[in-house]
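To start, the structure under review is shown below, and the notes come after it.
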Amino acid sequence: MRHRMFSAFLLVLATGTSQANCTLEAANVAATPDSRFSAGPPGTVIDQRGLMWRTTLSATAVNWRNAIALANADTTGGFTDWRLPTLEELASIVETGCSNPAINTSFFMQSTGSTAVWTGTDMPDAGTA
């Protein structure tokens, strides 16, 4: 079974307009090449590292507990076992070869809005993103 990542809160990686594309900066090598991902069931992308991610993002600002609840209630692709990614899992899809947005835009759709990201990693005093 793949671990399913609720990626609605990845918008920090996608600041700017929803039409922005990741263009590798000069001399940078892609950290998240297209060959690493494939289209999954509707609204999802499969990562060769054994993870499934949502492709759509939300601009809704919520606190950490609400972000967890939203992930747990999500049914994208017909699945009911979504969760927030760990800090390490989230970092694994950051496209370090790009900026604004720093995400593979061939598979992940970006949004405007909040500039914060929630992960499932427990942090004390989690406020609002």
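Going through the structure tokens in order, the chains are called A, B, and so on, while each chain numbers its residues from 1 and the ligands are numbered from 1 in the order shown.
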For segment 32-45 of chain A, find every residue with an atom within 6 Å (counting only C-alpha atoms), except residues of its own chain fewer than 2 positions away, and show them as a list in words.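 Using only C-alpha atoms, the neighbours found are Ala30, Asp47, Gln48, Met52, Trp53, Arg54, Thr55, Gly77 and Glu95 of chain A.
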Record the distance separating atom CA of Thr76 of chain A and atom CA of Thr121 of chain A, expressed in Å with one decimal. 21.8 Å
Which residues come within 10 Å of Leu70 of chain A, counting only C-alpha atoms, excluding same-chain residues fewer than 2 positions away, as a list in words? Phe6, Ala8, Val62, Trp64, Arg65, Asn66, Ala67, Ile68, Asn72, Ala73, Asp74, Thr75, Trp82, Arg83 and Leu84 of chain A
Restricting the calculation to only C-alpha atoms: of A:Ala61, A:Val117, A:Cys22, A:Ile93, which residue gets closest to Arg49 of chain A?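 Of all the options, A:Ile93 lies closest to Arg49 of chain A.
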Atom-to-atom span, atom CA of Asn28 of chain A and atom CA of Gly97 of chain A, Å: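 Atom CA of Gly97 of chain A lies at a distance of 5.0 Å from atom CA of Asn28 of chain A.
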Could you check the closest approach to Leu87 of chain A for each of A:Gly120, A:Glu25, A:Leu51, A:Ile46 and tell me which residue wins, using only C-alpha atoms?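 Among the listed residues, the smallest separation from Leu87 of chain A belongs to A:Gly120.
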Suppose you want the space between atom CA of Val29 of chain A and atom CA of Asn104 of chain A; what is it in Å?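 If I compute the distance from atom CA of Val29 of chain A to atom CA of Asn104 of chain A, I get 12.4 Å.
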